[in-house]
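Engineer: Okay, so here is upload01.cif, and as you'll see once you scroll down, it has mmCIF, C-alpha atoms.
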```
data_input
#
loop_
_atom_site.label_atom_id
_atom_site.label_comp_id
_atom_site.auth_asym_id
_atom_site.auth_seq_id
_atom_site.Cartn_x
_atom_site.Cartn_y
_atom_site.Cartn_z
CA MET A 1 58.26 40.18 74.91
CA SER A 2 54.65 39.57 74.01
CA GLY A 3 54.52 43.26 73.14
CA LEU A 4 56.41 42.64 69.92
CA PRO A 5 54.33 42.93 66.80
CA PRO A 6 53.77 39.47 65.37
CA VAL A 7 55.30 39.04 61.96
CA ALA A 8 52.85 37.94 59.33
CA PRO A 9 54.89 36.16 56.70
CA PRO A 10 53.51 36.13 53.22
CA ARG A 11 50.85 33.51 52.69
CA GLU A 12 51.80 31.09 50.01
CA ARG A 13 50.04 28.72 47.76
CA GLY A 14 50.66 25.13 48.71
CA ASP A 15 51.33 25.97 52.32
CA HIS A 16 49.39 24.38 55.10
CA GLY A 17 47.72 27.51 56.38
CA ALA A 18 48.05 28.60 60.01
CA LEU A 19 50.95 30.89 59.25
CA ARG A 20 50.13 33.17 62.14
CA PRO A 21 50.63 32.23 65.74
CA GLN A 22 47.20 31.17 66.99
CA ALA A 23 47.04 33.78 69.69
CA PRO A 24 49.31 36.63 68.64
CA GLY A 25 50.64 38.51 71.62
CA GLY A 26 48.74 36.39 74.04
CA ILE A 27 50.69 33.24 74.77
CA ALA A 28 51.92 32.40 78.21
CA ALA A 29 55.54 32.56 79.35
CA THR A 30 55.69 28.77 79.64
CA ALA A 31 54.74 28.48 75.98
CA TRP A 32 57.64 30.75 75.08
CA LEU A 33 60.01 28.74 77.28
CA SER A 34 58.96 25.51 75.57
CA LEU A 35 60.36 26.93 72.33
CA LEU A 36 63.86 26.85 73.80
CA ARG A 37 65.90 23.73 73.16
CA PRO A 38 68.72 22.51 75.43
CA GLY A 39 71.42 23.92 73.17
CA ASP A 40 69.64 27.27 73.12
CA TRP A 41 70.14 27.57 76.87
CA LEU A 42 73.79 26.70 76.36
CA VAL A 43 74.25 29.31 73.64
CA ALA A 44 72.40 31.94 75.68
CA LEU A 45 74.51 31.14 78.74
CA LEU A 46 77.76 31.37 76.75
CA ALA A 47 76.58 34.66 75.27
CA LEU A 48 75.80 35.94 78.76
CA VAL A 49 79.30 34.99 79.94
CA LEU A 50 80.73 36.78 76.91
CA VAL A 51 78.71 39.90 77.69
CA GLY A 52 79.82 39.77 81.31
CA ALA A 53 83.44 39.29 80.31
CA SER A 54 83.27 42.23 77.94
CA PHE A 55 82.04 44.65 80.57
CA PRO A 56 85.46 45.46 82.07
CA LEU A 57 86.25 46.85 78.59
CA LEU A 58 84.00 49.77 79.45
CA TRP A 59 86.33 50.94 82.17
CA ARG A 60 89.71 49.55 81.28
CA GLY A 61 92.80 51.76 81.19
CA GLY A 62 91.78 54.22 78.52
CA PRO A 63 90.46 57.35 80.12
CA ALA A 64 92.77 58.78 82.76
CA GLU A 65 91.31 59.82 86.08
CA LYS A 66 93.98 61.85 87.82
CA ALA A 67 97.42 63.30 87.35
CA VAL A 68 100.20 62.46 89.79
CA VAL A 69 103.09 64.90 90.08
CA LYS A 70 106.31 63.68 91.72
CA ARG A 71 109.61 65.25 92.70
CA ASP A 72 112.48 62.83 93.24
CA GLY A 73 109.98 59.97 93.32
CA THR A 74 107.87 61.40 96.13
CA VAL A 75 104.33 62.54 95.35
CA VAL A 76 104.01 66.30 95.40
CA ALA A 77 100.45 66.63 94.14
CA GLU A 78 97.54 64.52 92.94
CA LEU A 79 95.14 66.40 90.72
CA PRO A 80 91.78 65.07 89.53
CA LEU A 81 91.33 65.44 85.78
CA ASN A 82 87.92 67.07 85.95
CA ILE A 83 89.08 70.55 86.78
CA THR A 84 91.34 73.18 85.25
CA LYS A 85 94.32 73.97 87.43
CA ARG A 86 97.90 75.17 87.22
CA ILE A 87 100.45 74.27 89.84
CA GLU A 88 104.11 75.07 90.28
CA VAL A 89 106.55 72.45 91.47
CA ALA A 90 109.96 73.40 92.80
CA GLY A 91 112.56 71.07 91.29
CA ALA A 92 116.31 70.73 91.29
CA MET A 93 116.87 73.47 88.69
CA GLY A 94 113.88 75.69 89.16
CA THR A 95 110.13 75.67 88.85
CA SER A 96 108.11 73.32 86.62
CA VAL A 97 104.59 74.38 85.78
CA ILE A 98 102.02 71.59 85.55
CA GLU A 99 98.72 72.33 83.91
CA VAL A 100 95.58 70.22 84.25
CA SER A 101 92.36 70.62 82.32
CA PRO A 102 89.39 68.24 82.00
CA GLY A 103 90.67 64.91 80.68
CA ARG A 104 94.28 65.90 80.14
CA ALA A 105 97.44 67.26 81.71
CA ARG A 106 100.79 68.64 80.58
CA VAL A 107 104.02 70.18 81.69
CA ALA A 108 103.50 73.78 80.61
CA ALA A 109 106.95 75.05 81.47
CA ASP A 110 110.20 73.55 82.73
CA PRO A 111 113.70 74.93 83.21
CA GLY A 112 115.34 71.85 81.64
CA PRO A 113 117.68 72.52 78.69
CA ARG A 114 116.05 70.19 76.14
CA GLN A 115 112.38 70.68 77.09
CA TYR A 116 111.44 67.07 76.30
CA CYS A 117 108.63 66.92 78.83
CA VAL A 118 107.17 70.20 77.62
CA LYS A 119 107.30 69.15 73.98
CA GLN A 120 105.34 66.00 74.83
CA GLY A 121 102.31 68.23 75.05
CA TRP A 122 99.01 67.13 76.50
CA LEU A 123 98.81 63.65 78.03
CA THR A 124 95.39 62.04 77.78
CA GLN A 125 95.78 58.27 78.20
CA ALA A 126 96.06 56.50 81.52
CA ASN A 127 99.66 55.50 82.31
CA ALA A 128 101.12 58.21 80.09
CA VAL A 129 104.19 59.80 81.65
CA ALA A 130 106.13 63.02 81.04
CA ILE A 131 109.53 63.14 82.72
CA CYS A 132 111.50 66.32 83.27
CA ALA A 133 114.71 64.56 84.29
CA PRO A 134 116.97 67.60 84.78
CA ASN A 135 114.48 69.12 87.18
CA HIS A 136 113.68 65.77 88.89
CA VAL A 137 109.96 66.25 88.21
CA THR A 138 107.56 63.72 86.67
CA LEU A 139 103.94 63.95 85.63
CA ALA A 140 101.95 60.71 85.27
CA LEU A 141 98.32 60.03 84.45
CA VAL A 142 96.61 57.27 86.38
CA GLY A 143 93.49 55.38 85.30
CA ALA A 144 90.94 53.52 87.37
CA SER A 145 93.00 50.35 87.40
CA LYS A 146 96.75 50.38 87.60
CA SER A 147 98.11 48.46 84.63
CA TYR A 148 101.70 48.26 83.46
CA ASP A 149 103.43 51.13 81.78
CA SER A 150 106.30 51.15 79.33
CA LEU A 151 108.85 52.17 81.96
CA ASN A 152 108.25 49.65 84.71
CA TYR A 153 107.13 46.64 82.78
CA MET B 1 52.44 48.43 22.90
CA THR B 2 55.27 46.33 21.61
CA ALA B 3 55.78 43.10 23.42
CA SER B 4 59.10 42.96 25.21
CA THR B 5 61.65 40.76 23.58
CA ILE B 6 63.20 39.97 26.91
CA GLU B 7 61.40 37.29 28.81
CA LEU B 8 62.25 37.06 32.48
CA ALA B 9 60.91 33.82 33.80
CA VAL B 10 59.63 34.41 37.31
CA ALA B 11 59.75 31.23 39.30
CA ALA B 12 57.78 30.46 42.43
CA ASP B 13 60.81 30.89 44.63
CA ASP B 14 61.43 34.35 43.16
CA ARG B 15 57.97 35.41 44.25
CA ARG B 16 58.54 33.86 47.64
CA VAL B 17 61.83 35.72 48.10
CA ALA B 18 60.17 38.96 47.05
CA ARG B 19 57.33 38.50 49.54
CA TYR B 20 59.62 37.73 52.44
CA ALA B 21 61.94 40.60 51.50
CA ALA B 22 58.94 42.94 51.45
CA ALA B 23 57.99 41.84 54.96
CA ALA B 24 61.59 42.36 56.12
CA ILE B 25 61.72 45.82 54.53
CA VAL B 26 58.51 46.85 56.28
CA LEU B 27 60.05 45.84 59.60
CA THR B 28 63.24 47.76 58.77
CA ILE B 29 61.25 50.91 58.09
CA ALA B 30 59.12 50.47 61.20
CA GLU B 31 62.27 50.00 63.21
CA ALA B 32 63.88 53.14 61.80
CA ALA B 33 61.11 55.08 63.56
CA ILE B 34 62.06 53.66 66.96
CA PRO B 35 64.42 56.02 68.75
CA SER B 36 67.67 54.33 69.73
CA PRO B 37 69.89 55.42 72.63
CA LEU B 38 73.04 54.56 70.70
CA PRO B 39 73.59 54.03 67.00
CA GLY B 40 73.88 50.29 66.50
CA VAL B 41 71.52 49.31 69.30
CA LYS B 42 68.45 48.16 67.40
CA PRO B 43 66.02 45.29 67.82
CA GLY B 44 66.75 43.97 64.33
CA LEU B 45 63.19 42.79 63.80
CA ALA B 46 63.85 42.07 60.12
CA ASN B 47 66.10 39.24 61.26
CA ILE B 48 63.01 37.37 62.40
CA VAL B 49 62.00 37.14 58.75
CA VAL B 50 65.50 36.04 57.73
CA LEU B 51 65.45 33.31 60.37
CA ILE B 52 62.06 32.06 59.23
CA VAL B 53 63.22 31.96 55.61
CA LEU B 54 66.40 30.16 56.63
CA LEU B 55 64.52 27.46 58.49
CA ARG B 56 61.75 27.07 55.92
CA HIS B 57 63.61 27.43 52.65
CA GLY B 58 67.32 27.23 53.35
CA TRP B 59 70.36 29.47 53.49
CA ARG B 60 70.41 30.55 49.85
CA GLU B 61 67.00 32.17 50.04
CA ALA B 62 67.87 33.69 53.42
CA VAL B 63 70.85 35.40 51.76
CA TRP B 64 68.59 36.81 49.05
CA VAL B 65 66.01 38.12 51.47
CA SER B 66 68.66 39.52 53.79
CA LEU B 67 70.61 41.39 51.12
CA LEU B 68 67.47 42.65 49.40
CA ARG B 69 66.33 43.88 52.78
CA VAL B 70 69.58 45.82 53.34
CA VAL B 71 69.65 47.43 49.90
CA ALA B 72 65.95 48.17 49.44
CA GLY B 73 65.45 49.04 53.09
CA SER B 74 68.26 51.60 52.97
CA LEU B 75 66.78 53.08 49.79
CA MET B 76 63.45 53.48 51.54
CA ILE B 77 64.83 55.26 54.58
CA GLY B 78 67.31 57.33 52.56
CA GLN B 79 70.42 55.64 53.92
CA PHE B 80 71.66 54.04 50.70
CA LEU B 81 75.49 54.27 50.50
CA ALA B 82 75.56 56.27 53.74
CA PRO B 83 77.85 54.96 56.51
CA GLY B 84 74.88 53.28 58.15
CA PHE B 85 74.27 51.28 54.99
CA PHE B 86 77.78 49.86 54.96
CA LEU B 87 77.65 49.07 58.67
CA SER B 88 74.38 47.29 58.10
CA LEU B 89 75.81 45.42 55.12
CA ALA B 90 78.90 44.35 57.07
CA GLY B 91 76.75 43.15 59.96
CA THR B 92 74.42 41.29 57.64
CA CYS B 93 77.26 39.54 55.78
CA ALA B 94 78.82 38.49 59.09
CA SER B 95 75.55 37.16 60.45
CA LEU B 96 74.78 35.28 57.21
CA ALA B 97 78.19 33.64 57.52
CA ALA B 98 77.39 32.71 61.12
CA LEU B 99 74.02 31.32 60.03
CA ALA B 100 75.61 29.24 57.26
CA PHE B 101 77.65 27.55 59.96
CA SER B 102 75.10 27.37 62.76
CA VAL B 103 72.26 26.01 60.64
CA ARG B 104 74.31 22.81 60.42
CA LEU B 105 74.22 22.33 64.19
CA PRO B 106 72.02 19.43 65.31
CA ARG B 107 68.49 20.78 65.03
CA ALA B 108 67.16 18.80 67.99
CA TRP B 109 69.52 20.67 70.28
CA PHE B 110 69.93 24.06 68.73
CA GLY B 111 66.73 25.80 67.71
CA PRO B 112 65.96 29.20 66.21
CA VAL B 113 67.01 30.95 69.41
CA SER B 114 70.58 29.63 69.08
CA LEU B 115 70.71 30.73 65.46
CA SER B 116 69.35 34.13 66.39
CA ILE B 117 71.85 34.73 69.19
CA LEU B 118 74.80 33.62 67.06
CA ALA B 119 73.65 35.78 64.16
CA ALA B 120 73.14 38.78 66.43
CA PHE B 121 76.66 38.49 67.85
CA ALA B 122 78.14 38.04 64.38
CA HIS B 123 76.18 41.12 63.32
CA ILE B 124 77.68 43.39 65.96
CA ALA B 125 81.12 41.87 65.39
CA GLY B 126 80.93 42.70 61.68
CA GLN B 127 79.66 46.18 62.39
CA VAL B 128 82.18 47.05 65.08
CA LEU B 129 85.07 45.73 62.98
CA LEU B 130 84.04 47.81 59.99
CA ALA B 131 83.55 50.84 62.22
CA ARG B 132 87.02 50.33 63.73
CA VAL B 133 88.71 49.87 60.34
CA TRP B 134 86.88 52.57 58.46
CA LEU B 135 84.76 55.05 60.42
CA VAL B 136 86.50 55.45 63.76
CA PRO B 137 90.10 54.29 63.39
CA HIS B 138 90.61 54.27 67.12
CA ASN B 139 90.29 51.54 69.73
CA GLY B 140 87.75 53.68 71.54
CA VAL B 141 85.07 51.93 69.46
CA PHE B 142 85.64 48.79 71.47
CA TYR B 143 84.60 50.48 74.71
CA LEU B 144 81.04 50.23 73.39
CA VAL B 145 81.27 46.49 72.75
CA PRO B 146 79.69 45.52 76.10
CA VAL B 147 76.63 47.63 75.31
CA PHE B 148 76.33 46.18 71.82
CA ALA B 149 76.88 42.63 73.11
CA ALA B 150 74.22 43.00 75.80
CA SER B 151 71.68 44.30 73.31
CA ALA B 152 72.61 41.53 70.86
CA LEU B 153 71.89 38.96 73.55
CA VAL B 154 68.54 40.44 74.53
CA PHE B 155 67.25 41.05 71.00
CA GLY B 156 68.81 37.80 69.76
CA VAL B 157 66.76 35.84 72.30
CA VAL B 158 63.56 37.79 71.65
CA ASN B 159 63.79 37.58 67.83
CA GLY B 160 64.75 33.92 68.07
CA LEU B 161 61.71 33.17 70.20
CA VAL B 162 59.39 34.90 67.75
CA ALA B 163 60.93 32.98 64.84
CA ALA B 164 60.71 29.75 66.85
CA LYS B 165 57.01 30.42 67.40
CA PHE B 166 56.41 30.64 63.65
CA ILE B 167 58.43 27.53 62.90
CA ASN B 168 56.69 25.67 65.71
CA ASP B 169 53.30 26.57 64.28
CA ASP B 170 54.47 25.31 60.87
CA THR B 171 55.26 21.87 62.17
CA ALA B 172 52.20 21.75 64.42
CA SER B 173 49.87 22.43 61.50
CA ALA B 174 51.63 20.12 59.04
CA PRO B 175 49.56 17.02 58.35
#
```
In structure tokens, how does this file's structure come out?

Structural biologist:
Amino acid sequence: MSGLPPVAPPRERGDHGALRPQAPGGIAATAWLSLLRPGDWLVALLALVLVGASFPLLWRGGPAEKAVVKRDGTVVAELPLNITKRIEVAGAMGTSVIEVSPGRARVAADPGPRQYCVKQGWLTQANAVAICAPNHVTLALVGASKSYDSLNY
Amino acid sequence: MTASTIELAVAADDRRVARYAAAAIVLTIAEAAIPSPLPGVKPGLANIVVLIVLLRHGWREAVWVSLLRVVAGSLMIGQFLAPGFFLSLAGTCASLAALAFSVRLPRAWFGPVSLSILAAFAHIAGQVLLARVWLVPHNGVFYLVPVFAASALVFGVVNGLVAAKFINDDTASAP
């Protein structure tokens, strides 16, 4: 920290001189430490705790990591979300087509009459789910940590 | 040349504010030349000047120097009214508010380093909130909070120590 350029504040009339640190850039670490008051340590410690507590934010939920495809509740396929892939899942009515591309996944085709899961389009968030009920097929995105979703919670 | 009919009385504290603001603007420009890995992660060297003004001359003058620094500094680096200017303004307003509160803390316990850390955190809070509301209306902004908070802690401590050094020298040399 002694590498920082020393700030030379404007010299003023009526001031007592010695506006510069006596040895700019050259004071020992102990001299710096003596500038800290007890409360400063407290504030710095609290700030450090805050920084530490905020770090899980970097990885929480948000970006999905893999897509889980199920038929009748049993896992048929687990696809990482860093590749482009198309798989076909045999369901109760016919074949559902699941498509995965980097960071997202969707049901590309489904034999169901109302096409709800297809119309949902691309899923990008962790814990997002597309359910093709008539065909008994579900597609879910899973993040790094398993948090609650709107169906189970 | 006709004498101006408008007389602007320039008081001593006006000159003082101008001098400090000039020093802060120089630091802002110098800092603009430092490459930053992420927009928003900056040392904030000009805040050293604001801290010194706050402790020597009080909050009112610190507000003047700080706002002059933001406006004139952004004019100098061609950022005036650009998004960066508003982010900087939001951060500065938040940290001035934090300073108004924290300067009332008992001085024997909480020195310039405390003020600096609190101001730095208020600064990123103001910036991130404005960014969330206005520039990036998505919660994705908050994923960067840990990075901003860590840099606020580091630069808050460093700037606070430098300001503390100046203030310390003031009192040491006072008769």

Engineer: What does the PyMOL selection byres ((chain A and resi 50) around 12) select in this file, as a ChimeraX atom specification?

Structural biologist: /A:43-49,51-57 /B:117-118,121,145-150,152-153

Engineer: Taking the file above as input, evaluate the PyMOL selection byres ((chain B) within 8 of (chain A)) and report the hits as a PyMOL selection string.

Structural biologist: chain B and resi 16+19-20+23+48-49+108-111+113-114+117-118+142-146+149-150+153+157-158+161-162+164-166+168-170+173-174

Engineer: Next, dump the selected residues to file, keeping only C-alpha atoms, as a tab-separated table (two decimals), keeping the file's coordinate frame.

Structural biologist:
```
chain	number	residue	atom	x	y	z
B	16	ARG	CA	58.54	33.86	47.64
B	19	ARG	CA	57.33	38.50	49.54
B	20	TYR	CA	59.62	37.73	52.44
B	23	ALA	CA	57.99	41.84	54.96
B	48	ILE	CA	63.01	37.37	62.40
B	49	VAL	CA	62.00	37.14	58.75
B	108	ALA	CA	67.16	18.80	67.99
B	109	TRP	CA	69.52	20.67	70.28
B	110	PHE	CA	69.93	24.06	68.73
B	111	GLY	CA	66.73	25.80	67.71
B	113	VAL	CA	67.01	30.95	69.41
B	114	SER	CA	70.58	29.63	69.08
B	117	ILE	CA	71.85	34.73	69.19
B	118	LEU	CA	74.80	33.62	67.06
B	142	PHE	CA	85.64	48.79	71.47
B	143	TYR	CA	84.60	50.48	74.71
B	144	LEU	CA	81.04	50.23	73.39
B	145	VAL	CA	81.27	46.49	72.75
B	146	PRO	CA	79.69	45.52	76.10
B	149	ALA	CA	76.88	42.63	73.11
B	150	ALA	CA	74.22	43.00	75.80
B	153	LEU	CA	71.89	38.96	73.55
B	157	VAL	CA	66.76	35.84	72.30
B	158	VAL	CA	63.56	37.79	71.65
B	161	LEU	CA	61.71	33.17	70.20
B	162	VAL	CA	59.39	34.90	67.75
B	164	ALA	CA	60.71	29.75	66.85
B	165	LYS	CA	57.01	30.42	67.40
B	166	PHE	CA	56.41	30.64	63.65
B	168	ASN	CA	56.69	25.67	65.71
B	169	ASP	CA	53.30	26.57	64.28
B	170	ASP	CA	54.47	25.31	60.87
B	173	SER	CA	49.87	22.43	61.50
B	174	ALA	CA	51.63	20.12	59.04
```

Engineer: Evaluate the PyMOL selection byres ((chain A and resi 93) around 8) and record the selected residues as a list in words, following the chain and residue labels used in the document.

Structural biologist: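 This file gives the following for the PyMOL selection byres ((chain A and resi 93) around 8): Gly91, Ala92, Gly94, Thr95, Pro111, Gly112, Pro134 and Asn135 of chain A.
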
Engineer: Compare A:Ala140, A:Ile87, A:Ala77, A:Ala126 by their minimum atom-to-atom distance to A:Glu65, counting all atoms listed in the file, and give me the closest one.

Structural biologist: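 That would be A:Ala126, the residue with the smallest distance to A:Glu65.
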
Engineer: Distance atom CA of A:Ala128-atom CA of B:Leu135, one decimal place?

Structural biologist: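 A separation of 25.8 Å between them.
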
Engineer: What does the distance from atom CA of A:Arg104 to atom CA of B:Arg132 come to in Å, to one decimal?

Structural biologist: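 Here the two named atoms are 23.8 Å from each other.
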
Engineer: Restricting the calculation to all atoms listed in the file: of B:Val136, B:Ala163, B:Leu129, B:Met76, which residue gets closest to B:Ser116?

Structural biologist: B:Ala163

Engineer: Take atom CA of B:Gly78 and atom CA of B:Ser95 and report the distance between them in Å, one decimal.

Structural biologist: 23.2 Å

Engineer: Using all atoms listed in the file, which protein or nucleic acid residues come within 12 Å of A:Val75? Drop anything in the same chain fewer than 2 positions from it, and give the result as a PyMOL selection string.

Structural biologist: chain A and resi 67-73+77-79+89+136-140

Engineer: Find the residues around A:Asn127 up to 7 Å (all atoms listed in the file counted), leave out those fewer than 5 positions away in its own chain, and share them as a ChimeraX atom specification.

Structural biologist: /A:140-143,149
